[in-house]
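Enquirer: The following file, final11.txt, comprises compact mmCIF, C-alpha atoms and all ligand atoms:
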```txt
# COMPACT_ATOMS: atom_id res chain seq x y z
CA MET I 2 -138.77 128.83 -136.00
CA GLN I 3 -139.70 132.48 -135.98
CA VAL I 4 -143.41 132.85 -136.46
CA ILE I 5 -145.27 136.08 -136.69
CA SER I 6 -148.52 135.59 -134.93
CA THR I 7 -150.15 138.63 -133.52
CA THR I 8 -151.69 136.70 -130.65
CA THR I 9 -148.17 136.57 -129.26
CA GLU I 10 -147.48 140.13 -130.42
CA THR I 11 -150.36 142.44 -129.73
CA PRO I 12 -153.70 140.97 -128.72
CA GLY I 13 -156.59 141.76 -131.02
CA ILE I 14 -154.48 142.42 -134.09
CA THR I 15 -154.96 140.37 -137.24
CA ARG I 16 -152.66 137.36 -137.34
CA PHE I 17 -150.42 136.80 -140.32
CA LEU I 18 -148.68 133.46 -139.93
CA THR I 19 -145.40 132.89 -141.70
CA GLN I 20 -141.90 131.60 -141.25
CA ASP I 21 -140.71 132.80 -144.65
CA PRO I 22 -137.77 135.23 -144.31
CA ASN I 23 -139.00 137.51 -147.12
CA ILE I 24 -142.48 137.75 -145.70
CA LEU I 25 -141.10 138.28 -142.21
CA SER I 26 -139.17 141.29 -143.47
CA MET I 27 -142.26 142.46 -145.34
CA LEU I 28 -144.14 142.30 -142.01
CA GLN I 29 -141.40 144.26 -140.32
CA MET I 30 -141.86 146.86 -143.01
CA VAL I 31 -145.60 146.84 -142.25
CA GLY I 32 -144.78 147.63 -138.62
CA LYS I 33 -142.58 150.53 -139.69
CA ILE I 34 -144.87 152.16 -142.20
CA ALA I 35 -148.21 151.50 -140.49
CA PRO I 36 -148.09 154.54 -138.16
CA SER I 37 -147.42 156.98 -141.02
CA ASP I 38 -149.99 158.08 -143.58
CA THR I 39 -148.04 156.79 -146.56
CA THR I 40 -150.01 155.08 -149.33
CA VAL I 41 -149.34 151.37 -149.65
CA LEU I 42 -149.78 149.07 -152.63
CA ILE I 43 -150.00 145.36 -151.83
CA GLN I 44 -149.23 142.98 -154.67
CA GLY I 45 -149.85 139.27 -154.61
CA GLU I 46 -151.79 136.48 -156.25
CA SER I 47 -155.34 135.77 -155.21
CA GLY I 48 -155.63 134.36 -151.69
CA THR I 49 -152.11 135.28 -150.55
CA GLY I 50 -153.37 137.45 -147.71
CA LYS I 51 -153.46 140.97 -149.19
CA GLU I 52 -156.56 141.93 -147.26
CA LEU I 53 -155.03 140.53 -144.09
CA VAL I 54 -152.00 142.79 -144.55
CA ALA I 55 -154.26 145.77 -145.21
CA LYS I 56 -156.05 145.04 -141.91
CA ARG I 57 -152.74 144.83 -140.07
CA ILE I 58 -151.65 148.17 -141.49
CA HIS I 59 -154.87 149.76 -140.29
CA GLU I 60 -154.81 148.10 -136.88
CA LEU I 61 -151.19 149.11 -136.27
CA SER I 62 -151.82 152.70 -137.37
CA LYS I 63 -152.97 155.64 -135.32
CA ARG I 64 -156.20 155.43 -137.29
CA ALA I 65 -157.09 152.08 -135.72
CA SER I 66 -160.04 153.43 -133.75
CA LYS I 67 -161.61 154.81 -136.95
CA ASN I 68 -163.11 152.94 -139.89
CA LEU I 69 -161.31 150.59 -142.23
CA VAL I 70 -163.51 150.74 -145.32
CA SER I 71 -162.95 148.21 -148.10
CA ILE I 72 -164.20 148.23 -151.63
CA ASN I 73 -163.55 145.76 -154.41
CA CYS I 74 -163.05 147.97 -157.47
CA GLY I 75 -163.44 145.02 -159.82
CA ALA I 76 -166.80 143.89 -158.51
CA ILE I 77 -168.95 146.80 -159.70
CA GLN I 78 -169.45 148.71 -162.87
CA GLU I 79 -167.77 152.14 -163.14
CA THR I 80 -170.71 154.56 -162.69
CA LEU I 81 -171.78 152.65 -159.62
CA LEU I 82 -168.18 152.61 -158.35
CA LEU I 83 -168.03 156.41 -158.67
CA SER I 84 -171.17 156.88 -156.63
CA GLU I 85 -170.07 154.21 -154.10
CA LEU I 86 -166.70 155.90 -153.62
CA PHE I 87 -167.65 159.56 -153.75
CA GLY I 88 -171.36 159.50 -152.90
CA HIS I 89 -173.98 161.52 -154.72
CA GLU I 90 -176.36 164.41 -154.30
CA LYS I 91 -180.11 164.00 -154.52
CA GLY I 92 -181.18 163.97 -158.18
CA ALA I 93 -177.60 163.55 -159.51
CA PHE I 94 -178.86 160.75 -161.76
CA THR I 95 -182.00 158.70 -162.26
CA GLY I 96 -182.51 156.73 -159.10
CA ALA I 97 -180.55 159.12 -156.85
CA ILE I 98 -183.60 159.76 -154.70
CA SER I 99 -181.65 161.07 -151.74
CA GLN I 100 -178.18 162.33 -150.89
CA LYS I 101 -175.69 159.55 -150.12
CA LYS I 102 -172.26 159.63 -148.52
CA GLY I 103 -169.54 157.77 -150.39
CA LEU I 104 -167.08 155.32 -148.89
CA VAL I 105 -164.25 157.87 -149.01
CA GLU I 106 -166.27 160.09 -146.69
CA ILE I 107 -167.26 157.16 -144.48
CA ALA I 108 -163.57 156.29 -144.12
CA ASN I 109 -162.75 159.84 -142.95
CA GLY I 110 -160.07 159.69 -140.26
CA GLY I 111 -159.46 156.03 -141.05
CA THR I 112 -158.24 153.85 -143.91
CA LEU I 113 -159.71 153.15 -147.33
CA PHE I 114 -158.77 149.77 -148.76
CA LEU I 115 -159.08 149.71 -152.55
CA ASP I 116 -159.05 146.06 -153.47
CA GLU I 117 -158.41 145.00 -157.09
CA ILE I 118 -157.31 148.56 -157.89
CA GLY I 119 -156.11 147.38 -161.31
CA GLU I 120 -159.75 146.97 -162.31
CA MET I 121 -160.62 150.62 -161.65
CA GLY I 122 -161.80 152.48 -164.77
CA LEU I 123 -160.14 155.65 -166.06
CA GLU I 124 -162.82 158.06 -164.82
CA ALA I 125 -162.65 156.72 -161.26
CA GLN I 126 -158.84 156.83 -161.50
CA ALA I 127 -158.97 160.52 -162.47
CA LYS I 128 -161.25 161.30 -159.51
CA MET I 129 -159.10 159.29 -157.13
CA LEU I 130 -155.97 161.12 -158.29
CA ARG I 131 -157.64 164.46 -157.77
CA PHE I 132 -158.67 163.40 -154.27
CA LEU I 133 -155.12 162.32 -153.43
CA GLN I 134 -153.75 165.65 -154.67
CA GLU I 135 -156.34 167.98 -153.16
CA GLY I 136 -157.52 166.06 -150.11
CA GLU I 137 -161.13 166.83 -151.07
CA ILE I 138 -163.88 165.10 -152.95
CA TYR I 139 -166.99 166.10 -154.85
CA ARG I 140 -170.05 163.93 -154.56
CA VAL I 141 -171.50 162.93 -157.94
CA GLY I 142 -173.68 165.91 -158.93
CA GLY I 143 -172.17 167.95 -156.08
CA LYS I 144 -170.69 171.44 -156.45
CA ALA I 145 -169.05 171.92 -153.07
CA PRO I 146 -165.75 170.22 -152.23
CA ILE I 147 -165.70 168.12 -149.06
CA LYS I 148 -162.45 167.81 -147.11
CA VAL I 149 -161.60 164.23 -146.25
CA ASN I 150 -158.59 162.75 -144.49
CA VAL I 151 -158.10 159.14 -145.49
CA ARG I 152 -155.14 156.82 -145.75
CA ILE I 153 -155.22 154.75 -148.93
CA VAL I 154 -154.09 151.14 -149.01
CA SER I 155 -154.65 149.35 -152.31
CA ALA I 156 -154.16 145.83 -153.55
CA THR I 157 -153.83 144.11 -156.87
CA ASN I 158 -153.20 140.64 -158.18
CA ARG I 159 -152.24 142.13 -161.55
CA ASP I 160 -149.00 143.68 -162.62
CA LEU I 161 -149.89 147.37 -162.42
CA GLU I 162 -146.68 148.44 -164.15
CA THR I 163 -147.73 146.53 -167.26
CA GLN I 164 -151.16 148.13 -167.06
CA VAL I 165 -149.49 151.54 -166.90
CA ARG I 166 -147.45 150.66 -170.00
CA ASN I 167 -150.62 149.51 -171.78
CA GLY I 168 -152.42 152.75 -170.97
CA LYS I 169 -154.96 150.98 -168.72
CA PHE I 170 -153.75 152.60 -165.55
CA ARG I 171 -152.67 156.22 -165.01
CA GLU I 172 -148.99 156.54 -164.27
CA ASP I 173 -149.46 159.57 -162.01
CA LEU I 174 -152.01 157.67 -159.91
CA PHE I 175 -149.76 154.61 -159.83
CA TYR I 176 -146.93 156.65 -158.28
CA ARG I 177 -149.30 158.23 -155.78
CA LEU I 178 -150.59 154.84 -154.66
CA ASN I 179 -147.33 152.99 -154.31
CA THR I 180 -145.20 155.13 -152.07
CA VAL I 181 -144.53 151.74 -150.51
CA THR I 182 -145.07 148.47 -152.37
CA LEU I 183 -145.43 145.23 -150.42
CA ARG I 184 -145.17 141.95 -152.29
CA ILE I 185 -146.58 138.72 -150.93
CA ALA I 186 -145.02 135.65 -152.53
CA PRO I 187 -147.35 132.84 -153.66
CA LEU I 188 -147.66 129.88 -151.33
CA ARG I 189 -145.90 127.49 -153.73
CA LYS I 190 -142.72 129.54 -153.20
CA ARG I 191 -142.89 128.97 -149.42
CA PRO I 192 -143.43 125.29 -148.58
CA GLY I 193 -142.51 125.97 -144.95
CA ASP I 194 -145.60 128.15 -144.70
CA VAL I 195 -147.74 125.38 -146.18
CA ALA I 196 -146.82 123.17 -143.24
CA LEU I 197 -147.23 125.97 -140.73
CA LEU I 198 -150.65 126.99 -142.04
CA ILE I 199 -151.94 123.41 -142.31
CA GLU I 200 -151.00 122.77 -138.67
CA HIS I 201 -152.60 126.06 -137.70
CA PHE I 202 -155.89 125.46 -139.50
CA LEU I 203 -156.03 121.86 -138.21
CA LYS I 204 -155.84 123.09 -134.64
CA ASP I 205 -158.37 125.80 -135.30
CA ASP I 206 -161.45 123.68 -134.68
CA LYS I 207 -164.08 126.20 -133.69
CA LEU I 208 -166.97 123.76 -133.83
CA GLY I 209 -165.01 121.12 -131.91
CA ILE I 210 -166.62 118.32 -133.86
CA SER I 211 -163.84 117.17 -136.16
CA ILE I 212 -162.06 113.94 -135.34
CA VAL I 213 -159.16 114.92 -137.59
CA LYS I 214 -156.22 116.04 -135.47
CA SER I 215 -153.05 115.71 -137.53
CA ILE I 216 -151.52 114.92 -140.89
CA SER I 217 -149.03 112.20 -141.82
CA PRO I 218 -145.54 113.32 -142.95
CA GLU I 219 -146.14 111.68 -146.33
CA ALA I 220 -149.40 113.61 -146.89
CA MET I 221 -147.72 116.81 -145.73
CA ASP I 222 -144.95 116.26 -148.28
CA ILE I 223 -147.49 115.98 -151.09
CA LEU I 224 -149.22 119.19 -150.01
CA LYS I 225 -145.89 121.03 -149.72
CA LYS I 226 -145.21 120.17 -153.35
CA TYR I 227 -148.67 121.16 -154.60
CA HIS I 228 -148.76 124.44 -156.54
CA TRP I 229 -151.69 126.07 -154.63
CA PRO I 230 -153.13 128.31 -157.35
CA GLY I 231 -155.66 129.68 -154.83
CA ASN I 232 -152.93 130.16 -152.19
CA VAL I 233 -153.89 130.37 -148.50
CA ARG I 234 -157.61 130.55 -149.21
CA GLU I 235 -157.39 127.25 -151.07
CA LEU I 236 -155.27 125.74 -148.30
CA GLN I 237 -157.78 126.82 -145.67
CA ASN I 238 -160.67 125.31 -147.65
CA THR I 239 -158.69 122.10 -148.20
CA VAL I 240 -158.08 121.70 -144.47
CA GLU I 241 -161.76 122.44 -143.77
CA ARG I 242 -162.70 119.67 -146.20
CA PHE I 243 -160.31 117.25 -144.49
CA LYS I 244 -161.89 118.12 -141.15
CA ILE I 245 -165.42 117.61 -142.38
CA LEU I 246 -164.82 114.46 -144.43
CA GLY I 247 -162.01 112.86 -142.43
CA GLU I 248 -162.84 109.48 -140.95
CA SER I 249 -159.75 109.04 -138.82
CA GLU I 250 -157.51 111.18 -136.63
CA VAL I 251 -154.70 111.43 -139.15
CA ILE I 252 -154.92 112.72 -142.70
CA THR I 253 -153.04 110.33 -144.97
CA LYS I 254 -152.04 110.53 -148.61
CA ASN I 255 -155.21 108.64 -149.52
CA ASP I 256 -157.29 111.58 -148.31
CA ILE I 257 -155.64 113.96 -150.76
CA PRO I 258 -157.59 114.68 -153.95
CA PHE I 259 -155.95 113.41 -157.13
CA ASN I 260 -155.33 116.85 -158.62
CA MET I 261 -153.16 117.76 -155.63
CA THR I 262 -150.89 114.75 -155.93
CA ASN I 263 -147.69 114.73 -157.93
CA SER I 264 -149.24 112.73 -160.73
CA GLY I 265 -152.22 115.05 -160.86
CA GLN I 266 -149.92 118.04 -161.16
CA GLU I 267 -147.68 116.40 -163.71
CA SER I 268 -150.71 115.81 -165.88
CA GLU I 269 -151.69 119.45 -165.50
CA ALA I 270 -148.18 120.59 -166.32
CA ASP I 271 -148.29 118.39 -169.41
CA ASN I 272 -151.24 120.38 -170.68
CA PHE I 273 -149.05 123.40 -171.22
CA ASP I 274 -146.96 121.47 -173.73
CA ASP I 275 -149.78 120.37 -175.94
CA PRO I 276 -153.18 121.23 -174.51
CA ALA I 277 -155.34 119.28 -176.94
CA THR I 278 -153.67 115.89 -177.16
CA LEU I 279 -152.27 115.62 -173.66
CA LEU I 280 -155.45 116.70 -171.97
CA LEU I 281 -157.37 114.07 -173.88
CA ALA I 282 -154.81 111.38 -172.99
CA GLN I 283 -155.02 112.46 -169.36
CA VAL I 284 -158.80 112.24 -169.28
CA GLU I 285 -158.67 108.83 -170.98
CA LYS I 286 -156.12 107.53 -168.49
CA ARG I 287 -158.13 108.69 -165.48
CA HIS I 288 -161.30 107.18 -166.90
CA ILE I 289 -159.64 103.84 -167.65
CA LEU I 290 -158.14 103.64 -164.16
CA ARG I 291 -161.46 104.54 -162.58
CA VAL I 292 -163.35 101.90 -164.53
CA LEU I 293 -160.68 99.32 -163.76
CA ASN I 294 -160.92 100.08 -160.09
CA HIS I 295 -164.70 99.96 -160.24
CA PHE I 296 -164.39 96.37 -161.43
CA LYS I 297 -161.79 95.70 -158.74
CA GLY I 298 -159.00 95.19 -161.28
CA ASN I 299 -160.97 92.73 -163.48
CA LYS I 300 -159.60 93.63 -166.93
CA THR I 301 -162.17 91.63 -168.92
CA LYS I 302 -165.10 93.42 -167.27
CA ALA I 303 -163.32 96.79 -167.47
CA ALA I 304 -162.51 96.36 -171.18
CA ASP I 305 -166.10 95.36 -171.80
CA ALA I 306 -167.43 98.44 -170.04
CA LEU I 307 -164.95 100.66 -171.87
CA GLY I 308 -165.89 99.18 -175.23
CA ILE I 309 -162.32 98.13 -176.05
CA THR I 310 -160.60 94.75 -176.31
CA VAL I 311 -158.67 93.31 -173.37
CA LYS I 312 -155.52 93.55 -175.53
CA THR I 313 -156.07 97.29 -176.09
CA LEU I 314 -156.63 97.72 -172.36
CA TYR I 315 -153.32 95.92 -171.64
CA ASN I 316 -151.55 98.13 -174.18
CA LYS I 317 -152.92 101.29 -172.58
CA LEU I 318 -152.10 100.14 -169.05
CA SER I 319 -148.53 99.30 -169.99
CA GLY I 320 -148.07 102.98 -170.88
CA TYR I 321 -148.98 104.17 -167.38
CA ASP I 322 -146.34 104.15 -164.69
CA LYS I 323 -146.81 101.85 -161.69
CA PRO I 324 -146.75 104.33 -158.76
CA GLU I 325 -149.45 106.32 -160.41
CA MET I 326 -151.66 103.30 -160.75
CA SER I 327 -151.16 102.12 -157.20
CA ASN I 328 -151.76 105.69 -156.12
CA LEU I 329 -155.10 105.65 -157.86
CA THR I 330 -156.11 102.20 -156.76
CA ASN I 331 -155.62 103.30 -153.17
CA ARG I 332 -158.14 106.04 -153.46
CA PRO I 333 -161.67 104.68 -153.61
CA SER I 334 -163.42 108.06 -153.79
CA GLU I 335 -161.42 108.93 -156.93
CA LEU I 336 -162.11 105.69 -158.62
CA THR I 337 -165.74 104.93 -158.20
CA HIS I 338 -168.35 106.55 -160.38
N1 LIG R 401 -150.37 134.16 -143.54
C1 LIG R 401 -151.64 133.92 -143.20
N2 LIG R 401 -151.96 133.53 -141.96
C2 LIG R 401 -153.24 133.25 -141.63
N3 LIG R 401 -154.28 133.33 -142.48
C3 LIG R 401 -154.03 133.72 -143.73
C4 LIG R 401 -152.70 134.05 -144.16
N4 LIG R 401 -152.75 134.42 -145.45
C5 LIG R 401 -154.03 134.34 -145.82
N5 LIG R 401 -154.81 133.92 -144.80
C6 LIG R 401 -156.26 133.66 -144.87
O1 LIG R 401 -156.53 133.25 -146.20
C7 LIG R 401 -157.73 133.84 -146.70
C8 LIG R 401 -157.42 134.71 -147.91
O2 LIG R 401 -156.71 135.87 -147.49
P1 LIG R 401 -157.05 137.32 -148.08
O3 LIG R 401 -158.52 137.50 -148.28
O4 LIG R 401 -156.36 138.33 -147.23
O5 LIG R 401 -156.32 137.17 -149.50
P2 LIG R 401 -156.29 138.16 -150.73
O6 LIG R 401 -154.89 138.22 -151.19
O7 LIG R 401 -156.94 139.45 -150.35
O8 LIG R 401 -157.17 137.38 -151.79
P3 LIG R 401 -157.97 137.94 -153.10
O9 LIG R 401 -156.93 138.40 -154.08
O10 LIG R 401 -158.69 136.75 -153.60
O11 LIG R 401 -158.85 139.04 -152.62
C9 LIG R 401 -158.32 134.61 -145.53
O12 LIG R 401 -159.25 133.79 -144.87
C10 LIG R 401 -157.13 134.89 -144.66
O13 LIG R 401 -157.52 135.04 -143.32
MG MG R 402 -158.71 140.33 -151.13
```
Step by step, read the file and then write its structure as structure tokens.
Ligand SMILES: Nc1ncnc2c1ncn2[C@@H]1O[C@H](COP(=O)(O)OP(=O)(O)OP(=O)(O)O)[C@@H](O)[C@H]1O
Ligand SMILES: [Mg+2]
Expert:
Amino acid sequence: MQVISTTTETPGITRFLTQDPNILSMLQMVGKIAPSDTTVLIQGESGTGKELVAKRIHELSKRASKNLVSINCGAIQETLLLSELFGHEKGAFTGAISQKKGLVEIANGGTLFLDEIGEMGLEAQAKMLRFLQEGEIYRVGGKAPIKVNVRIVSATNRDLETQVRNGKFREDLFYRLNTVTLRIAPLRKRPGDVALLIEHFLKDDKLGISIVKSISPEAMDILKKYHWPGNVRELQNTVERFKILGESEVITKNDIPFNMTNSGQESEADNFDDPATLLLAQVEKRHILRVLNHFKGNKTKAADALGITVKTLYNKLSGYDKPEMSNLTNRPSELTH
């Protein structure tokens, strides 16, 4: 298996683990374009490793000894973003009590990483375009242009082309930012990486206190089929949870939260068909199975607690498939209140 891991490549450079052929060629592309000053747009769902790729680009570039400055364009309101990016002169606005350098200036000679670029407002977009064209900025309230040499890497989890079509993002800026576009596929499209990353994060036991050392093939299979909406970040957190809560050396299918199992996902998928009715049925089913388990399978007590007759309980249970029930009955943490 070919694995890109920068510990075996160049020491000190951010590791991006993968065995996925498309991502491996994307990483080769990173190696090729990193030394140039070309702008790069990284597209990928949340948690797929966009920031990691941005770091690699910077570290593999000739700007590596200078600053890599990151800003999340979606996290702050536009006027603040303008002053964060371009700085301001004393007295430029109420509260501007002294002159302040912006992040573009701080990144001079290095790389500026514009995260969530799709969230940037139109005024900041106009200023950014002007900077990319002229190579100079004006601080807010400033009259004199300041020359700055910065390489721009941006990232988005939105489809910027659609935003361009909807008039939310300037087309001219879009073409300036995406001289090269790198796409990182979601984790659910690369089950091989799920296994690779789980093994990696399991071994990575900085505190050295976890007794959890491995994962059973059956549990691994379940996790490979899970849809990972939060991608690698979610996977990393999941493994951390296993390490903290695990009571034996091997993670088994019983350690996997219900929503990550096949049945959990099927129920979620069902919601797309008919959100109202299926969601309700799903909640009812989970509750019934929990209560039943709480009373250790005693249907009379369970029906009593649920406020339904034993016959109704039997009717409901006959509608649930067997593997799902045994799956639930095996998982005490899911079933107790
Ligand atoms: N291929 C990978 N190998 C090792 N670690 C990874 C990999 N991909 C992601 N990670 C880790 O997963 C976490 C999320 O990655 P990162 O912050 O780069 O994602 P992102 O795409 O920028 O997410 P967001 O859109 O939410 O900002 C980080 O802790 C990162 O180190
Ligand atoms: Mg990010």
Enquirer: List as a PDB file with C-alpha atoms, in the coordinates of the input the protein and nucleic acid residues lying within 6 Å of ligand LIG 401 (chain R), with only C-alpha atoms and all ligand atoms counted.
Expert:
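New file result_6.pdb:
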```
ATOM      1  CA  ARG I  16    -152.660 137.360-137.340  1.00  0.00           C
ATOM      2  CA  PHE I  17    -150.420 136.800-140.320  1.00  0.00           C
ATOM      3  CA  LEU I  18    -148.680 133.460-139.930  1.00  0.00           C
ATOM      4  CA  THR I  19    -145.400 132.890-141.700  1.00  0.00           C
ATOM      5  CA  GLU I  46    -151.790 136.480-156.250  1.00  0.00           C
ATOM      6  CA  SER I  47    -155.340 135.770-155.210  1.00  0.00           C
ATOM      7  CA  GLY I  48    -155.630 134.360-151.690  1.00  0.00           C
ATOM      8  CA  THR I  49    -152.110 135.280-150.550  1.00  0.00           C
ATOM      9  CA  GLY I  50    -153.370 137.450-147.710  1.00  0.00           C
ATOM     10  CA  LYS I  51    -153.460 140.970-149.190  1.00  0.00           C
ATOM     11  CA  GLU I  52    -156.560 141.930-147.260  1.00  0.00           C
ATOM     12  CA  LEU I  53    -155.030 140.530-144.090  1.00  0.00           C
ATOM     13  CA  ASN I 158    -153.200 140.640-158.180  1.00  0.00           C
ATOM     14  CA  VAL I 233    -153.890 130.370-148.500  1.00  0.00           C
ATOM     15  CA  ARG I 234    -157.610 130.550-149.210  1.00  0.00           C
TER      16      ARG I 234
END
```
Enquirer: Counting all atoms listed in the file, figure out which residue out of I:Lys226, I:Lys207, I:Arg177, I:Arg57 gets nearest to Leu69 in chain I.
Expert: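 That would be I:Arg57, the residue with the smallest distance to Leu69 in chain I.
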Enquirer: Can you work out which one of I:Ala125, I:Ile72, I:Val149, I:Ile138 has the shortest atom-to-atom distance to Leu113 in chain I, counting all atoms listed in the file?
Expert: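 Of I:Ala125, I:Ile72, I:Val149, I:Ile138, the one nearest Leu113 in chain I, counting all atoms listed in the file, is I:Ile72.
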Enquirer: What is the distance, in Å and to one decimal place, between CA of Ile210 in chain I and CA of His228 in chain I?
Expert: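 Distance reported for this atom pair: 29.5 Å.
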Enquirer: Please provide as number ranges by chain all residues within 10 Å of Lys63 in chain I, with the sequence filter that same-chain residues fewer than 6 positions apart are discarded (counting all atoms listed in the file).
Expert: I: 35-38, 110-111
Enquirer: Kindly save the residues from that selection, with C-alpha atoms included, as a JSON list (two decimals), in the coordinates of the input.
Expert:
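Result file follows (out.json):
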```json
[["chain", "number", "residue", "atom", "x", "y", "z"],
["I", 35, "ALA", "CA", -148.21, 151.50, -140.49],
["I", 36, "PRO", "CA", -148.09, 154.54, -138.16],
["I", 37, "SER", "CA", -147.42, 156.98, -141.02],
["I", 38, "ASP", "CA", -149.99, 158.08, -143.58],
["I", 110, "GLY", "CA", -160.07, 159.69, -140.26],
["I", 111, "GLY", "CA", -159.46, 156.03, -141.05]]
```
Enquirer: With distances taken over all atoms listed in the file, which residue among I:Lys300, I:Val240, I:Ala186, I:Asn263 lies nearest Leu25 in chain I?
Expert: I:Ala186
Enquirer: Could you state the separation of CA of Ser84 in chain I and CA of Val41 in chain I in Å, given to one decimal place?
Expert: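 Straight-line distance from CA of Ser84 in chain I to CA of Val41 in chain I works out to 23.6 Å.
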Enquirer: Taking into account all atoms listed in the file, which residue in the set I:Leu224, I:Ala108, I:Leu133, I:Ile245 is nearest to Ser66 in chain I?
Expert: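 Between I:Leu224, I:Ala108, I:Leu133, I:Ile245, the residue approaching Ser66 in chain I most closely is I:Ala108.
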Enquirer: CA of Gln44 in chain I and CA of Leu115 in chain I, how far apart in Å?
Expert: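 Rounded to one decimal, the two atoms are 12.1 Å apart.
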Enquirer: I need the residue nearest ligand MG 402 (chain R) from this list: I:Pro22, I:Gly96, I:Gly32, I:Gly45. Use all atoms listed in the file for the distance.
Expert: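 Closest candidate: I:Gly45.
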Enquirer: Using only C-alpha atoms, can you tell me which of I:Asp21, I:Asp256, I:Glu250, I:Glu124 comes closest to Phe170 in chain I?
Expert: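 Nearest to Phe170 in chain I: I:Glu124.
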Enquirer: So that I can see what lies close to range 203-205 of chain I, please list as an NGL selection string the residues with an atom at most 7 Å from it, counting all atoms listed in the file and leaving out residues fewer than 4 positions away in the same chain.
Expert: :I and (199 or 214-215 or 240)
Enquirer: Can you pull out the residues contacting Thr180 in chain I? Cut-off 10 Å, using only C-alpha atoms, and skip same-chain residues under 3 positions away; I want them as a PyMOL selection string.
Expert: chain I and resi 39-42+175-177
Enquirer: How would range 234-251 of chain I read, as a PDB file, in the frame of the given file, once N, CA and C atoms are built in?
Expert:
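That gives us result-v6.pdb:
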```
ATOM      1  N   ARG I 234    -156.162 130.795-149.248  1.00  0.00           N
ATOM      2  CA  ARG I 234    -157.610 130.550-149.210  1.00  0.00           C
ATOM      3  C   ARG I 234    -157.892 129.097-149.590  1.00  0.00           C
ATOM      4  N   GLU I 235    -157.209 128.628-150.626  1.00  0.00           N
ATOM      5  CA  GLU I 235    -157.390 127.250-151.070  1.00  0.00           C
ATOM      6  C   GLU I 235    -156.919 126.268-149.997  1.00  0.00           C
ATOM      7  N   LEU I 236    -155.804 126.613-149.359  1.00  0.00           N
ATOM      8  CA  LEU I 236    -155.270 125.740-148.300  1.00  0.00           C
ATOM      9  C   LEU I 236    -156.269 125.648-147.144  1.00  0.00           C
ATOM     10  N   GLN I 237    -156.813 126.790-146.772  1.00  0.00           N
ATOM     11  CA  GLN I 237    -157.780 126.820-145.670  1.00  0.00           C
ATOM     12  C   GLN I 237    -159.007 125.966-146.006  1.00  0.00           C
ATOM     13  N   ASN I 238    -159.510 126.106-147.231  1.00  0.00           N
ATOM     14  CA  ASN I 238    -160.670 125.310-147.650  1.00  0.00           C
ATOM     15  C   ASN I 238    -160.336 123.826-147.687  1.00  0.00           C
ATOM     16  N   THR I 239    -159.116 123.505-148.124  1.00  0.00           N
ATOM     17  CA  THR I 239    -158.690 122.100-148.200  1.00  0.00           C
ATOM     18  C   THR I 239    -158.688 121.489-146.802  1.00  0.00           C
ATOM     19  N   VAL I 240    -158.133 122.218-145.841  1.00  0.00           N
ATOM     20  CA  VAL I 240    -158.080 121.700-144.470  1.00  0.00           C
ATOM     21  C   VAL I 240    -159.509 121.557-143.910  1.00  0.00           C
ATOM     22  N   GLU I 241    -160.365 122.534-144.222  1.00  0.00           N
ATOM     23  CA  GLU I 241    -161.760 122.440-143.770  1.00  0.00           C
ATOM     24  C   GLU I 241    -162.410 121.160-144.297  1.00  0.00           C
ATOM     25  N   ARG I 242    -162.134 120.867-145.582  1.00  0.00           N
ATOM     26  CA  ARG I 242    -162.700 119.670-146.200  1.00  0.00           C
ATOM     27  C   ARG I 242    -162.191 118.411-145.499  1.00  0.00           C
ATOM     28  N   PHE I 243    -160.883 118.399-145.211  1.00  0.00           N
ATOM     29  CA  PHE I 243    -160.310 117.250-144.490  1.00  0.00           C
ATOM     30  C   PHE I 243    -161.033 117.078-143.157  1.00  0.00           C
ATOM     31  N   LYS I 244    -161.292 118.195-142.490  1.00  0.00           N
ATOM     32  CA  LYS I 244    -161.890 118.120-141.150  1.00  0.00           C
ATOM     33  C   LYS I 244    -163.323 117.619-141.209  1.00  0.00           C
ATOM     34  N   ILE I 245    -164.023 118.008-142.260  1.00  0.00           N
ATOM     35  CA  ILE I 245    -165.420 117.610-142.380  1.00  0.00           C
ATOM     36  C   ILE I 245    -165.532 116.152-142.832  1.00  0.00           C
ATOM     37  N   LEU I 246    -164.683 115.783-143.823  1.00  0.00           N
ATOM     38  CA  LEU I 246    -164.820 114.460-144.430  1.00  0.00           C
ATOM     39  C   LEU I 246    -163.979 113.384-143.768  1.00  0.00           C
ATOM     40  N   GLY I 247    -162.964 113.813-142.992  1.00  0.00           N
ATOM     41  CA  GLY I 247    -162.010 112.860-142.430  1.00  0.00           C
ATOM     42  C   GLY I 247    -162.678 111.803-141.555  1.00  0.00           C
ATOM     43  N   GLU I 248    -162.231 110.566-141.733  1.00  0.00           N
ATOM     44  CA  GLU I 248    -162.840 109.480-140.950  1.00  0.00           C
ATOM     45  C   GLU I 248    -161.889 108.921-139.916  1.00  0.00           C
ATOM     46  N   SER I 249    -160.678 109.467-139.878  1.00  0.00           N
ATOM     47  CA  SER I 249    -159.750 109.040-138.820  1.00  0.00           C
ATOM     48  C   SER I 249    -158.973 110.261-138.332  1.00  0.00           C
ATOM     49  N   GLU I 250    -158.204 110.049-137.256  1.00  0.00           N
ATOM     50  CA  GLU I 250    -157.510 111.180-136.630  1.00  0.00           C
ATOM     51  C   GLU I 250    -156.446 111.809-137.508  1.00  0.00           C
ATOM     52  N   VAL I 251    -155.836 110.953-138.362  1.00  0.00           N
ATOM     53  CA  VAL I 251    -154.700 111.430-139.150  1.00  0.00           C
ATOM     54  C   VAL I 251    -155.053 111.491-140.639  1.00  0.00           C
TER      55      VAL I 251
END
```
